[in-house]
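One file, coords_39.txt, carrying compact mmCIF, C-alpha atoms and all ligand atoms:
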```txt
# COMPACT_ATOMS: atom_id res chain seq x y z
CA MET A 11 0.00 0.00 0.00
CA ASP A 12 1.30 3.47 -0.84
CA GLU A 13 1.85 5.93 1.96
CA ILE A 14 -1.10 8.20 2.82
CA LYS A 15 -0.88 11.54 0.99
CA ALA A 16 -4.31 13.09 1.55
CA VAL A 17 -6.16 14.56 4.52
CA TYR A 18 -9.79 15.62 4.89
CA ILE A 19 -10.69 17.81 7.88
CA HIS A 20 -14.33 18.36 8.82
CA ILE A 21 -15.57 21.62 10.36
CA PRO A 22 -19.17 20.89 11.35
CA PHE A 23 -20.48 24.42 12.01
CA CYS A 24 -22.95 26.32 9.83
CA LYS A 25 -24.70 29.66 10.23
CA GLN A 26 -27.85 28.38 8.55
CA ILE A 27 -29.17 24.88 7.94
CA CYS A 28 -30.18 23.99 4.39
CA SER A 29 -33.36 22.02 3.74
CA TYR A 30 -31.62 19.07 2.01
CA CYS A 31 -28.63 18.70 4.28
CA ASP A 32 -27.80 15.37 5.91
CA PHE A 33 -24.13 16.19 6.52
CA CYS A 34 -22.71 16.24 9.99
CA LYS A 35 -23.31 19.84 11.11
CA PHE A 36 -24.46 22.07 13.96
CA TYR A 37 -25.45 25.69 14.25
CA TYR A 38 -22.32 27.77 14.73
CA ASP A 39 -21.79 28.43 18.43
CA GLN A 40 -18.58 30.05 19.60
CA LYS A 41 -18.53 28.16 22.87
CA TRP A 42 -18.41 24.81 21.07
CA VAL A 43 -15.99 25.79 18.32
CA ARG A 44 -12.97 26.19 20.60
CA GLU A 45 -13.63 22.89 22.36
CA TYR A 46 -14.09 21.23 18.99
CA LEU A 47 -10.81 22.58 17.63
CA MET A 48 -9.00 21.39 20.76
CA ALA A 49 -10.42 17.90 20.20
CA LEU A 50 -9.47 18.04 16.51
CA GLU A 51 -5.91 18.94 17.47
CA LYS A 52 -5.83 15.99 19.83
CA GLU A 53 -7.22 13.60 17.21
CA ILE A 54 -4.58 14.63 14.70
CA LYS A 55 -1.81 14.29 17.29
CA ASP A 56 -3.12 10.84 18.27
CA ARG A 57 -3.61 9.39 14.79
CA TYR A 58 -1.40 11.12 12.24
CA MET A 59 1.83 9.23 11.51
CA ASP A 60 3.79 12.12 9.98
CA GLU A 61 3.34 11.14 6.34
CA LYS A 62 4.09 13.79 3.69
CA ILE A 63 0.71 15.30 2.74
CA SER A 64 0.20 16.63 -0.79
CA LYS A 65 -3.60 17.01 -0.78
CA ILE A 66 -5.65 18.58 1.99
CA TYR A 67 -9.34 19.47 1.96
CA ILE A 68 -11.06 21.46 4.71
CA GLY A 69 -14.78 20.81 4.32
CA GLY A 70 -17.95 20.98 6.33
CA GLY A 71 -20.29 22.17 7.54
CA THR A 72 -18.93 25.59 6.68
CA PRO A 73 -15.23 26.11 7.47
CA SER A 74 -15.54 29.79 6.50
CA ALA A 75 -18.09 30.26 9.31
CA LEU A 76 -15.20 30.33 11.82
CA ASN A 77 -14.12 33.75 13.09
CA ASN A 78 -10.62 35.17 12.74
CA GLU A 79 -9.26 33.74 15.96
CA GLU A 80 -10.78 30.31 15.31
CA LEU A 81 -9.31 30.24 11.82
CA ASP A 82 -5.89 31.09 13.26
CA TYR A 83 -6.24 28.15 15.61
CA LEU A 84 -7.35 25.84 12.78
CA PHE A 85 -4.36 26.84 10.66
CA ALA A 86 -2.04 26.36 13.64
CA ILE A 87 -3.43 22.79 13.94
CA ILE A 88 -2.79 22.20 10.24
CA LYS A 89 0.85 23.11 10.85
CA LEU A 90 1.07 19.77 12.70
CA LEU A 91 0.92 18.15 9.27
CA ASN A 92 3.99 17.66 7.16
CA LEU A 93 2.82 19.47 4.01
CA ASP A 94 4.44 18.92 0.64
CA ASP A 95 5.75 22.00 -1.21
CA ASN A 96 3.38 21.18 -4.09
CA ILE A 97 0.30 20.81 -1.96
CA GLU A 98 -3.26 21.15 -3.30
CA PHE A 99 -4.98 22.84 -0.36
CA THR A 100 -8.76 23.28 -0.69
CA PHE A 101 -10.94 25.27 1.68
CA GLU A 102 -14.76 25.27 1.46
CA CYS A 103 -16.37 28.68 1.66
CA ASN A 104 -19.85 30.05 1.89
CA LEU A 105 -20.32 32.91 -0.58
CA SER A 106 -21.47 35.33 2.13
CA ASP A 107 -18.31 34.70 4.21
CA ILE A 108 -15.90 35.67 1.43
CA THR A 109 -14.12 38.95 2.20
CA GLU A 110 -10.72 40.40 1.28
CA ASP A 111 -9.48 39.59 4.79
CA LEU A 112 -10.62 35.96 4.58
CA ILE A 113 -8.95 35.45 1.21
CA ASP A 114 -5.72 37.07 2.46
CA LYS A 115 -5.75 34.76 5.47
CA LEU A 116 -6.37 31.67 3.36
CA ILE A 117 -3.56 32.56 0.97
CA ALA A 118 -1.18 33.36 3.85
CA ASN A 119 -1.89 29.84 5.16
CA ARG A 120 -1.16 28.12 1.84
CA VAL A 121 -4.75 27.56 0.66
CA ASN A 122 -4.60 27.47 -3.14
CA ARG A 123 -8.06 26.18 -4.06
CA ILE A 124 -11.51 27.16 -2.81
CA SER A 125 -14.82 25.44 -3.20
CA ILE A 126 -17.93 27.61 -3.00
CA GLY A 127 -21.32 26.06 -2.35
CA ILE A 128 -23.49 28.29 -4.52
CA GLU A 129 -25.99 25.62 -5.74
CA SER A 130 -28.22 27.99 -7.79
CA PHE A 131 -29.03 31.61 -8.56
CA ASP A 132 -32.72 30.94 -9.13
CA PRO A 133 -34.81 32.55 -6.34
CA GLU A 134 -37.34 29.71 -6.36
CA LYS A 135 -34.65 27.02 -6.14
CA LEU A 136 -32.81 28.94 -3.41
CA GLU A 137 -35.96 29.29 -1.35
CA PHE A 138 -36.59 25.55 -1.67
CA LEU A 139 -33.00 24.77 -0.60
CA GLU A 140 -33.14 27.44 2.15
CA ARG A 141 -29.99 29.08 0.87
CA ASN A 142 -28.93 32.51 -0.41
CA ALA A 143 -26.87 33.45 -3.45
CA ASP A 144 -26.75 36.50 -5.66
CA PHE A 145 -25.11 36.41 -9.07
CA GLU A 146 -23.50 39.90 -8.97
CA ASP A 147 -22.17 39.20 -5.48
CA ALA A 148 -20.72 35.86 -6.60
CA GLN A 149 -19.14 37.41 -9.66
CA ARG A 150 -17.56 40.22 -7.62
CA LYS A 151 -16.18 37.83 -4.98
CA ILE A 152 -14.82 35.36 -7.50
CA GLU A 153 -13.09 38.22 -9.36
CA MET A 154 -11.61 39.32 -6.04
CA CYS A 155 -10.23 35.81 -5.39
CA LYS A 156 -8.74 35.67 -8.87
CA ALA A 157 -7.19 39.14 -8.53
CA LYS A 158 -5.42 37.93 -5.39
CA GLY A 159 -4.07 34.88 -7.23
CA LEU A 160 -6.57 32.36 -5.88
CA THR A 161 -7.68 31.15 -9.29
CA ASN A 162 -8.33 27.44 -8.67
CA ILE A 163 -12.03 27.70 -7.79
CA ASN A 164 -14.86 25.18 -7.66
CA VAL A 165 -18.54 26.04 -7.50
CA ASP A 166 -21.31 23.57 -6.63
CA LEU A 167 -24.51 23.43 -8.68
CA MET A 168 -27.61 21.58 -7.54
CA TYR A 169 -30.37 20.40 -9.86
CA ALA A 170 -33.38 18.10 -10.12
CA LEU A 171 -35.31 20.01 -7.48
CA GLN A 172 -39.05 19.71 -7.13
CA ASN A 173 -40.72 22.08 -9.65
CA GLU A 174 -37.44 22.76 -11.44
CA THR A 175 -37.77 22.92 -15.22
CA LEU A 176 -35.15 22.39 -17.89
CA LYS A 177 -35.43 26.11 -18.63
CA MET A 178 -34.51 26.97 -15.02
CA LEU A 179 -31.52 24.64 -15.15
CA LYS A 180 -30.30 26.13 -18.43
CA LYS A 181 -30.51 29.63 -16.96
CA ASP A 182 -28.49 28.50 -13.94
CA LEU A 183 -25.89 26.87 -16.21
CA LYS A 184 -25.55 30.09 -18.20
CA LEU A 185 -24.87 32.10 -15.05
CA PHE A 186 -22.47 29.49 -13.64
CA LEU A 187 -20.52 29.59 -16.89
CA LYS A 188 -20.31 33.38 -16.67
CA LEU A 189 -18.44 33.00 -13.38
CA ASP A 190 -15.61 31.57 -15.48
CA VAL A 191 -14.24 29.17 -12.85
CA PRO A 192 -12.15 26.11 -13.70
CA HIS A 193 -14.20 23.51 -11.80
CA ILE A 194 -17.93 22.80 -11.42
CA SER A 195 -19.37 20.04 -9.22
CA THR A 196 -22.99 19.13 -9.85
CA TYR A 197 -25.44 17.37 -7.55
CA SER A 198 -28.78 15.86 -8.39
CA LEU A 199 -30.94 16.46 -5.32
CA MET A 200 -31.37 13.40 -3.12
CA ILE A 201 -34.03 13.48 -0.42
CA GLU A 202 -32.18 11.93 2.50
CA PRO A 203 -33.77 10.84 5.78
CA ASN A 204 -33.47 13.31 8.67
CA THR A 205 -33.57 16.36 6.43
CA LYS A 206 -36.17 19.10 6.38
CA LEU A 207 -37.23 18.05 2.86
CA TYR A 208 -37.70 14.45 3.96
CA ASN A 209 -39.78 15.51 6.93
CA LYS A 210 -41.96 17.61 4.60
CA LYS A 211 -42.42 14.45 2.46
CA ILE A 212 -40.98 16.13 -0.64
CA GLU A 213 -40.56 13.65 -3.47
CA ALA A 214 -37.78 13.28 -6.01
CA ILE A 215 -38.49 14.53 -9.53
CA ASP A 216 -39.37 12.29 -12.45
CA GLU A 217 -36.42 10.06 -13.42
CA ASP A 218 -36.63 10.92 -17.12
CA LEU A 219 -36.44 14.64 -16.38
CA ASP A 220 -33.51 13.99 -14.03
CA ALA A 221 -31.70 12.10 -16.82
CA LYS A 222 -32.48 14.86 -19.33
CA MET A 223 -31.08 17.45 -16.90
CA TYR A 224 -27.90 15.41 -16.44
CA GLU A 225 -27.48 15.15 -20.21
CA THR A 226 -28.01 18.91 -20.55
CA ILE A 227 -25.35 19.62 -17.91
CA CYS A 228 -22.82 17.26 -19.53
CA LYS A 229 -23.34 18.65 -23.03
CA THR A 230 -23.34 22.30 -21.97
CA LEU A 231 -20.19 22.07 -19.86
CA GLU A 232 -18.29 19.91 -22.35
CA ASN A 233 -19.12 22.40 -25.11
CA GLU A 234 -17.55 25.10 -22.95
CA GLY A 235 -14.24 23.23 -22.61
CA TYR A 236 -14.81 21.46 -19.29
CA GLU A 237 -13.61 17.87 -19.10
CA HIS A 238 -16.18 15.54 -17.63
CA TYR A 239 -13.75 13.58 -15.50
CA GLU A 240 -16.07 12.07 -12.90
CA VAL A 241 -19.80 11.34 -12.95
CA SER A 242 -20.67 14.70 -11.36
CA ASN A 243 -17.48 16.71 -11.77
CA PHE A 244 -16.21 18.92 -14.57
CA ALA A 245 -12.88 20.70 -14.82
CA LYS A 246 -10.82 22.72 -17.23
CA PRO A 247 -7.81 20.68 -18.44
CA GLY A 248 -5.34 19.96 -15.63
CA LEU A 249 -7.61 21.31 -12.89
CA ALA A 250 -9.48 18.22 -11.71
CA SER A 251 -9.60 18.00 -7.90
CA LYS A 252 -6.51 16.03 -6.87
CA HIS A 253 -7.94 15.47 -3.42
CA ASN A 254 -11.22 14.04 -4.67
CA LEU A 255 -9.36 11.84 -7.14
CA THR A 256 -7.79 10.22 -4.07
CA TYR A 257 -11.24 8.80 -3.27
CA TRP A 258 -12.01 7.63 -6.81
CA ASP A 259 -8.51 6.17 -7.25
CA ASN A 260 -9.19 4.16 -4.08
CA GLU A 261 -6.10 5.55 -2.37
CA GLU A 262 -5.81 5.89 1.37
CA TYR A 263 -6.49 9.18 3.18
CA TYR A 264 -7.03 10.42 6.70
CA GLY A 265 -10.43 11.82 7.65
CA PHE A 266 -10.17 13.96 10.78
CA GLY A 267 -13.02 15.63 12.63
CA LEU A 268 -16.62 14.94 13.58
CA GLY A 269 -18.40 12.56 11.20
CA ALA A 270 -15.38 12.41 8.88
CA SER A 271 -14.68 9.23 6.94
CA GLY A 272 -11.22 7.93 6.23
CA TYR A 273 -9.34 5.01 4.75
CA ALA A 274 -6.05 4.33 6.44
CA PHE A 275 -3.95 1.21 6.93
CA ARG A 276 -6.55 -0.94 5.11
CA VAL A 277 -9.33 0.22 7.41
CA ARG A 278 -12.31 2.26 6.22
CA TYR A 279 -13.68 4.19 9.17
CA THR A 280 -16.28 6.81 10.02
CA ASN A 281 -15.90 9.11 12.99
CA THR A 282 -18.66 9.67 15.50
CA ARG A 283 -21.29 12.35 14.83
CA SER A 284 -21.68 12.96 18.57
CA LEU A 285 -19.96 16.17 19.61
CA THR A 286 -19.75 15.10 23.23
CA LYS A 287 -18.17 11.75 22.35
CA TYR A 288 -15.73 13.40 19.97
CA ILE A 289 -14.66 15.98 22.51
CA THR A 290 -13.95 13.22 25.02
CA GLY A 291 -11.67 11.47 22.53
CA ASN A 292 -14.02 8.73 21.29
CA TYR A 293 -13.39 9.56 17.66
CA VAL A 294 -14.24 6.49 15.62
CA MET A 295 -17.80 5.17 15.37
CA GLU A 296 -17.44 2.45 12.70
CA LYS A 297 -14.50 0.53 11.25
CA GLU A 298 -14.26 -1.97 8.43
CA MET A 299 -11.01 -3.85 8.02
CA LEU A 300 -10.75 -4.66 4.32
CA GLY A 301 -9.74 -7.98 2.85
CA GLU A 302 -8.43 -8.33 -0.70
CA LYS A 303 -11.92 -8.87 -2.20
CA GLU A 304 -13.41 -5.77 -0.54
CA MET A 305 -10.44 -3.69 -1.69
CA MET A 306 -11.04 -4.83 -5.26
CA ASP A 307 -14.77 -4.08 -4.97
CA TYR A 308 -13.99 -0.55 -3.79
CA GLU A 309 -11.48 -0.11 -6.62
CA ILE A 310 -14.27 -0.89 -9.10
CA ILE A 311 -17.13 0.99 -7.45
CA LEU A 312 -15.03 4.12 -7.01
CA GLY A 313 -12.90 3.80 -10.15
CA LEU A 314 -15.87 3.55 -12.49
CA ARG A 315 -17.08 6.94 -11.27
CA LYS A 316 -14.21 8.38 -13.31
CA THR A 317 -15.05 8.76 -16.99
CA LYS A 318 -11.70 7.26 -17.92
CA GLY A 319 -12.54 4.31 -15.66
CA ILE A 320 -10.05 1.72 -14.47
CA ASN A 321 -6.74 0.86 -16.04
CA LEU A 322 -6.54 -2.94 -16.29
CA LYS A 323 -2.75 -3.06 -15.99
CA HIS A 324 -2.85 -0.89 -12.88
CA PHE A 325 -5.53 -3.17 -11.41
CA TYR A 326 -3.35 -6.22 -12.08
CA GLU A 327 -0.29 -4.57 -10.55
CA LYS A 328 -2.25 -3.60 -7.45
CA PHE A 329 -4.08 -6.90 -6.83
CA ASN A 330 -2.14 -9.46 -8.83
CA VAL A 331 -5.32 -10.70 -10.56
CA ASN A 332 -7.00 -9.91 -13.86
CA LEU A 333 -10.10 -7.79 -13.43
CA GLN A 334 -11.84 -9.68 -16.26
CA ASN A 335 -11.30 -13.00 -14.44
CA GLN A 336 -12.82 -11.75 -11.19
CA TYR A 337 -15.83 -9.78 -12.43
CA PRO A 338 -18.35 -10.20 -15.33
CA VAL A 339 -16.77 -7.36 -17.29
CA ASP A 340 -16.99 -9.07 -20.69
CA ASP A 341 -20.77 -9.58 -20.34
CA LEU A 342 -21.24 -5.89 -19.59
CA VAL A 343 -19.04 -4.89 -22.51
CA LYS A 344 -21.22 -7.07 -24.76
CA SER A 345 -24.42 -5.47 -23.43
CA GLY A 346 -22.94 -2.00 -24.07
CA ASP A 347 -22.87 -0.94 -20.40
CA LEU A 348 -19.08 -0.87 -20.26
CA ILE A 349 -16.53 0.11 -22.88
CA TYR A 350 -13.05 -1.30 -23.23
CA LYS A 351 -10.52 1.04 -24.86
CA ASP A 352 -6.74 1.52 -24.72
CA GLY A 353 -6.33 -0.77 -21.72
CA ASN A 354 -9.04 1.00 -19.71
CA ILE A 355 -12.53 -0.13 -18.83
CA PHE A 356 -15.18 2.54 -18.28
CA ILE A 357 -18.94 3.07 -18.18
CA ASN A 358 -20.53 3.91 -21.53
CA PRO A 359 -20.94 7.74 -21.34
CA ASP A 360 -24.56 7.37 -22.50
CA LYS A 361 -25.26 5.20 -19.47
CA LEU A 362 -23.52 7.17 -16.73
CA TYR A 363 -26.84 8.23 -15.25
CA ILE A 364 -27.66 4.56 -14.54
CA MET A 365 -24.20 3.92 -13.10
CA ASN A 366 -25.55 2.35 -9.90
CA GLU A 367 -27.50 -0.30 -11.79
CA ILE A 368 -24.38 -1.21 -13.75
CA LEU A 369 -22.29 -1.45 -10.59
CA ILE A 370 -24.84 -3.78 -9.01
CA LYS A 371 -24.54 -6.11 -12.02
CA LEU A 372 -20.77 -5.97 -11.77
CA VAL A 373 -19.93 -6.26 -8.06
S1 LIG B 401 -25.48 22.02 3.02
FE1 LIG B 401 -23.54 22.79 3.79
S2 LIG B 401 -24.01 24.90 4.47
FE2 LIG B 401 -25.98 23.82 4.24
S3 LIG B 401 -26.40 23.05 6.30
FE3 LIG B 401 -25.36 21.42 5.17
S4 LIG B 401 -23.22 21.64 5.67
FE4 LIG B 401 -24.22 23.56 6.26
```
Structure encoded using structure tokens:
Amino acid sequence: MDEIKAVYIHIPFCKQICSYCDFCKFYYDQKWVREYLMALEKEIKDRYMDEKISKIYIGGGTPSALNNEELDYLFAIIKLLNLDDNIEFTFECNLSDITEDLIDKLIANRVNRISIGIESFDPEKLEFLERNADFEDAQRKIEMCKAKGLTNINVDLMYALQNETLKMLKKDLKLFLKLDVPHISTYSLMIEPNTKLYNKKIEAIDEDLDAKMYETICKTLENEGYEHYEVSNFAKPGLASKHNLTYWDNEEYYGFGLGASGYAFRVRYTNTRSLTKYITGNYVMEKEMLGEKEMMDYEIILGLRKTKGINLKHFYEKFNVNLQNQYPVDDLVKSGDLIYKDGNIFINPDKLYIMNEILIKLV
């Protein structure tokens, strides 16, 4: 197994709670933040084995919800990590938190990529999601980031909302493209248990419309020079998220913080979502020690999310078995679900929206 190179750190505080959210989060409360950061520092000291880290992602929750002093503490904790000179360092921001001072602080602390959860500019969609975003404000703040040299920017777009039409999605896409950022992550709305939408008994939209929306997104973004490198992710050449590719390449990474997941030393784990347990040092809630078969299954399930799929030679070198001998790949190539090309196996681009059904047949 290669040495761990990636770290995810979860900051579970938000200033408002979105209707669809099932992430691990709490309302921002200063009195809990300090205690949380102290526990995070302890977790990192207890578990990190001083590997050289070349990819770090601070996500949430809303990391940008922290105040100045709290951010200083967070960045002091990150100094515990042995960071590579060529690090990709991503920090998730809420649009309303972006100020000149915040950007200066991020840059001073080696952040070189930001991810902004915009989701939509459509007032009706925003009301449904219980979020705020204004196009002029977004444009101004993104220009400010770029002017300061922070040019590697992702924005999130959400679609397939109840009452959303293709026309609404196309309008959103047009505005997102005007932001001229190198990375766009898209999410088809899922109604997850324990969310406000679930409690209101909101239903998912018609599957055909969902598929049509996905197709519209793929075509529109590809026409504008974005590479569709993962089922839901699009990037200008060379600017795919290195950190997120860690997941899809089935490489190991540390997940630190409340509710964070990680994969380290052949163990996939999920940390507790209980703040009180976390603060008292009971970090891990679930662990799964992987055998060879489970590792191969993960390699396939995650690897086929990438549009370039899985390299068969790489698979053989990693597991010492032929992928085609272990899984019914040839049958799925015959049925047109999978494509074999240049030593790689990948999902037929026309069938990406039914990826889960294909994976079930395969694994
Ligand atoms: S979606 Fe993001 S900002 Fe909204 S409540 Fe969840 S973690 Fe917080």
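If you look at CA of Leu255 (chain A) and CA of Glu367 (chain A), they are 22.3 Å away from each other.
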Would you mind listing what lies within 6 Å of region 168-185 of chain A as a ChimeraX atom specification, with all atoms listed in the file counted and same-chain residues fewer than 4 positions away left out? /A:129,196-199,215,220
Next on the checklist: List as a PyMOL selection string the protein and nucleic acid residues lying within 6 Å of ligand LIG 401 (chain B), with all atoms listed in the file counted.
Outcome noted: chain A and resi 24+26-28+31+33+35+70-72
Worksheet item: If you measure from CA of Leu105 (chain A) to CA of Ala148 (chain A), what distance in Å do you get, rounded to one decimal?
Response: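 Those two atoms sit 6.7 Å apart.
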Which region 54-95 of chain A residues have any atom within 9 Å of an atom of region 256-265 of chain A, and for each, what is the nearest pair of atoms with distance in Å to one decimal, counting all atoms listed in the file, rows sorted by chain and number, as JSON lines?
```
{"residue": "A:Arg57", "atom": "CA", "partner": "A:Tyr264", "partner_atom": "CA", "distance": 8.8}
{"residue": "A:Tyr58", "atom": "CA", "partner": "A:Tyr264", "partner_atom": "CA", "distance": 7.9}
{"residue": "A:Lys65", "atom": "CA", "partner": "A:Thr256", "partner_atom": "CA", "distance": 8.6}
```
Item to check | Non-local contacts of Ile124 (chain A) (7 Å; all atoms listed in the file; under 5 positions in same chain excluded) as number ranges by chain | outcome: A: 100-103, 162-164
With C-alpha atoms kept, could you save the residues just selected as a PDB file, keeping the file's coordinate frame?
```pdb
ATOM      1  CA  THR A 100      -8.760  23.280  -0.690  1.00  0.00           C
ATOM      2  CA  PHE A 101     -10.940  25.270   1.680  1.00  0.00           C
ATOM      3  CA  GLU A 102     -14.760  25.270   1.460  1.00  0.00           C
ATOM      4  CA  CYS A 103     -16.370  28.680   1.660  1.00  0.00           C
ATOM      5  CA  ASN A 162      -8.330  27.440  -8.670  1.00  0.00           C
ATOM      6  CA  ILE A 163     -12.030  27.700  -7.790  1.00  0.00           C
ATOM      7  CA  ASN A 164     -14.860  25.180  -7.660  1.00  0.00           C
TER       8      ASN A 164
END
```
Coordinates-based distance that separates CA of Val191 (chain A) from CA of Lys246 (chain A) (Å, one decimal)
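Going from CA of Lys246 (chain A) over to CA of Val191 (chain A) covers 8.5 Å.
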All residues 10 Å or closer to Met306 (chain A), all atoms listed in the file, same chain fewer than 6 positions away omitted, as a VMD selection string: chain A and resid 260 300 312 325 328 to 329 331 333 336 to 337 373
Exercise for the section: Using all atoms listed in the file, find the one residue out of A:Lys211, A:His253, A:Lys344, A:Lys158 that sits nearest to Asp114 (chain A). Expected result: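 The shortest atom-to-atom distance to Asp114 (chain A) comes from A:Lys158.
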Across A:Gly353, A:Ile370, A:Lys206, A:Ala221, the smallest distance to Asp307 (chain A), with only C-alpha atoms counted, is shown by A:Ile370
(request) Between A:Asp347, A:Lys135, A:His193, A:Asn209, single out the one closest to Gly248 (chain A), counting only C-alpha atoms. (result)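 Selected residue with least distance to Gly248 (chain A): A:His193.
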Review point. Quick one: of A:Arg315, A:Lys89, A:Arg120, A:Lys15, who's nearest to Lys55 (chain A), counting all atoms listed in the file?
Key: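 That would be A:Lys89, the residue with the smallest distance to Lys55 (chain A).
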Using only C-alpha atoms, the residue out of A:Ile201, A:Leu81, A:Leu76, A:Ile88 with shortest distance to Phe266 (chain A) is A:Ile88
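If you measure from each of A:Val339, A:Asn122, A:Ile289, A:Thr317 to Asp95 (chain A) using all atoms listed in the file, the closest one turns out to be A:Asn122.
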Env of Asp218 (chain A): 12 Å cut, atoms = only C-alpha atoms, seq-sep filter 5 positions within chain, self excluded. Answer as a list of chain:residue names.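 Residues near the query, excluding close chain neighbours: A:Ala170, A:Leu176, A:Met223, A:Tyr224, A:Glu225, A:Tyr363, A:Ile364.
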I'd like the neighbourhood of Ala245 (chain A) as a list in words, where a residue qualifies if any of its atoms comes within 8 Å (using all atoms listed in the file), though same-chain residues fewer than 4 positions away should be ignored. Pro192, His193, Ile194, Tyr236, Glu237, His238, Tyr239, Leu249 and Ala250 of chain A
Could you give me the centre and size, in Å to one decimal, of an axis-aligned box around all listed atoms of region 65-84 of chain A with 8 Å added on every side, as JSON?
```
{"center_x": -11.9, "center_y": 26.1, "center_z": 7.6, "size_x": 32.7, "size_y": 34.2, "size_z": 32.7}
```
* Around (-7.5, 30.7, 9.9) in the file's frame, which residues reach within 9 Å when counting only C-alpha atoms? Return as a PyMOL selection string? -> chain A and resi 74+76-86+112+115-116+119
Fill-in result for region 151-156 of chain A, all heavy atoms as a PDB file, in the coordinates of the input:
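Printed below is out-v6.pdb as written:
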```
ATOM      1  N   LYS A 151     -17.061  38.524  -5.920  1.00  0.00           N
ATOM      2  CA  LYS A 151     -16.180  37.830  -4.980  1.00  0.00           C
ATOM      3  C   LYS A 151     -15.215  36.890  -5.700  1.00  0.00           C
ATOM      4  O   LYS A 151     -14.052  36.751  -5.308  1.00  0.00           O
ATOM      5  CB  LYS A 151     -17.006  37.095  -3.929  1.00  0.00           C
ATOM      6  CG  LYS A 151     -17.601  38.109  -2.965  1.00  0.00           C
ATOM      7  CD  LYS A 151     -18.496  37.507  -1.940  1.00  0.00           C
ATOM      8  CE  LYS A 151     -18.872  38.582  -0.915  1.00  0.00           C
ATOM      9  NZ  LYS A 151     -19.971  38.173  -0.061  1.00  0.00           N
ATOM     10  N   ILE A 152     -15.701  36.261  -6.740  1.00  0.00           N
ATOM     11  CA  ILE A 152     -14.820  35.360  -7.500  1.00  0.00           C
ATOM     12  C   ILE A 152     -13.738  36.185  -8.207  1.00  0.00           C
ATOM     13  O   ILE A 152     -12.565  35.796  -8.222  1.00  0.00           O
ATOM     14  CB  ILE A 152     -15.657  34.476  -8.455  1.00  0.00           C
ATOM     15  CG1 ILE A 152     -16.357  33.407  -7.617  1.00  0.00           C
ATOM     16  CG2 ILE A 152     -14.789  33.845  -9.546  1.00  0.00           C
ATOM     17  CD1 ILE A 152     -17.364  32.561  -8.326  1.00  0.00           C
ATOM     18  N   GLU A 153     -14.105  37.342  -8.733  1.00  0.00           N
ATOM     19  CA  GLU A 153     -13.090  38.220  -9.360  1.00  0.00           C
ATOM     20  C   GLU A 153     -12.060  38.639  -8.317  1.00  0.00           C
ATOM     21  O   GLU A 153     -10.863  38.710  -8.591  1.00  0.00           O
ATOM     22  CB  GLU A 153     -13.754  39.461  -9.986  1.00  0.00           C
ATOM     23  CG  GLU A 153     -14.433  39.193 -11.313  1.00  0.00           C
ATOM     24  CD  GLU A 153     -13.587  38.367 -12.291  1.00  0.00           C
ATOM     25  OE1 GLU A 153     -12.392  38.680 -12.455  1.00  0.00           O
ATOM     26  OE2 GLU A 153     -14.106  37.392 -12.869  1.00  0.00           O
ATOM     27  N   MET A 154     -12.523  38.904  -7.107  1.00  0.00           N
ATOM     28  CA  MET A 154     -11.610  39.320  -6.040  1.00  0.00           C
ATOM     29  C   MET A 154     -10.614  38.190  -5.721  1.00  0.00           C
ATOM     30  O   MET A 154      -9.410  38.428  -5.586  1.00  0.00           O
ATOM     31  CB  MET A 154     -12.431  39.649  -4.790  1.00  0.00           C
ATOM     32  CG  MET A 154     -11.645  40.182  -3.632  1.00  0.00           C
ATOM     33  SD  MET A 154     -12.801  40.637  -2.339  1.00  0.00           S
ATOM     34  CE  MET A 154     -13.042  39.052  -1.570  1.00  0.00           C
ATOM     35  N   CYS A 155     -11.114  36.956  -5.649  1.00  0.00           N
ATOM     36  CA  CYS A 155     -10.230  35.810  -5.390  1.00  0.00           C
ATOM     37  C   CYS A 155      -9.186  35.701  -6.501  1.00  0.00           C
ATOM     38  O   CYS A 155      -7.985  35.549  -6.234  1.00  0.00           O
ATOM     39  CB  CYS A 155     -11.014  34.497  -5.337  1.00  0.00           C
ATOM     40  SG  CYS A 155     -12.122  34.396  -3.953  1.00  0.00           S
ATOM     41  N   LYS A 156      -9.658  35.814  -7.725  1.00  0.00           N
ATOM     42  CA  LYS A 156      -8.740  35.670  -8.870  1.00  0.00           C
ATOM     43  C   LYS A 156      -7.687  36.783  -8.833  1.00  0.00           C
ATOM     44  O   LYS A 156      -6.499  36.526  -9.071  1.00  0.00           O
ATOM     45  CB  LYS A 156      -9.514  35.735 -10.189  1.00  0.00           C
ATOM     46  CG  LYS A 156     -10.386  34.516 -10.450  1.00  0.00           C
ATOM     47  CD  LYS A 156     -11.042  34.701 -11.806  1.00  0.00           C
ATOM     48  CE  LYS A 156     -12.071  33.658 -12.107  1.00  0.00           C
ATOM     49  NZ  LYS A 156     -12.889  33.982 -13.268  1.00  0.00           N
TER      50      LYS A 156
END
```
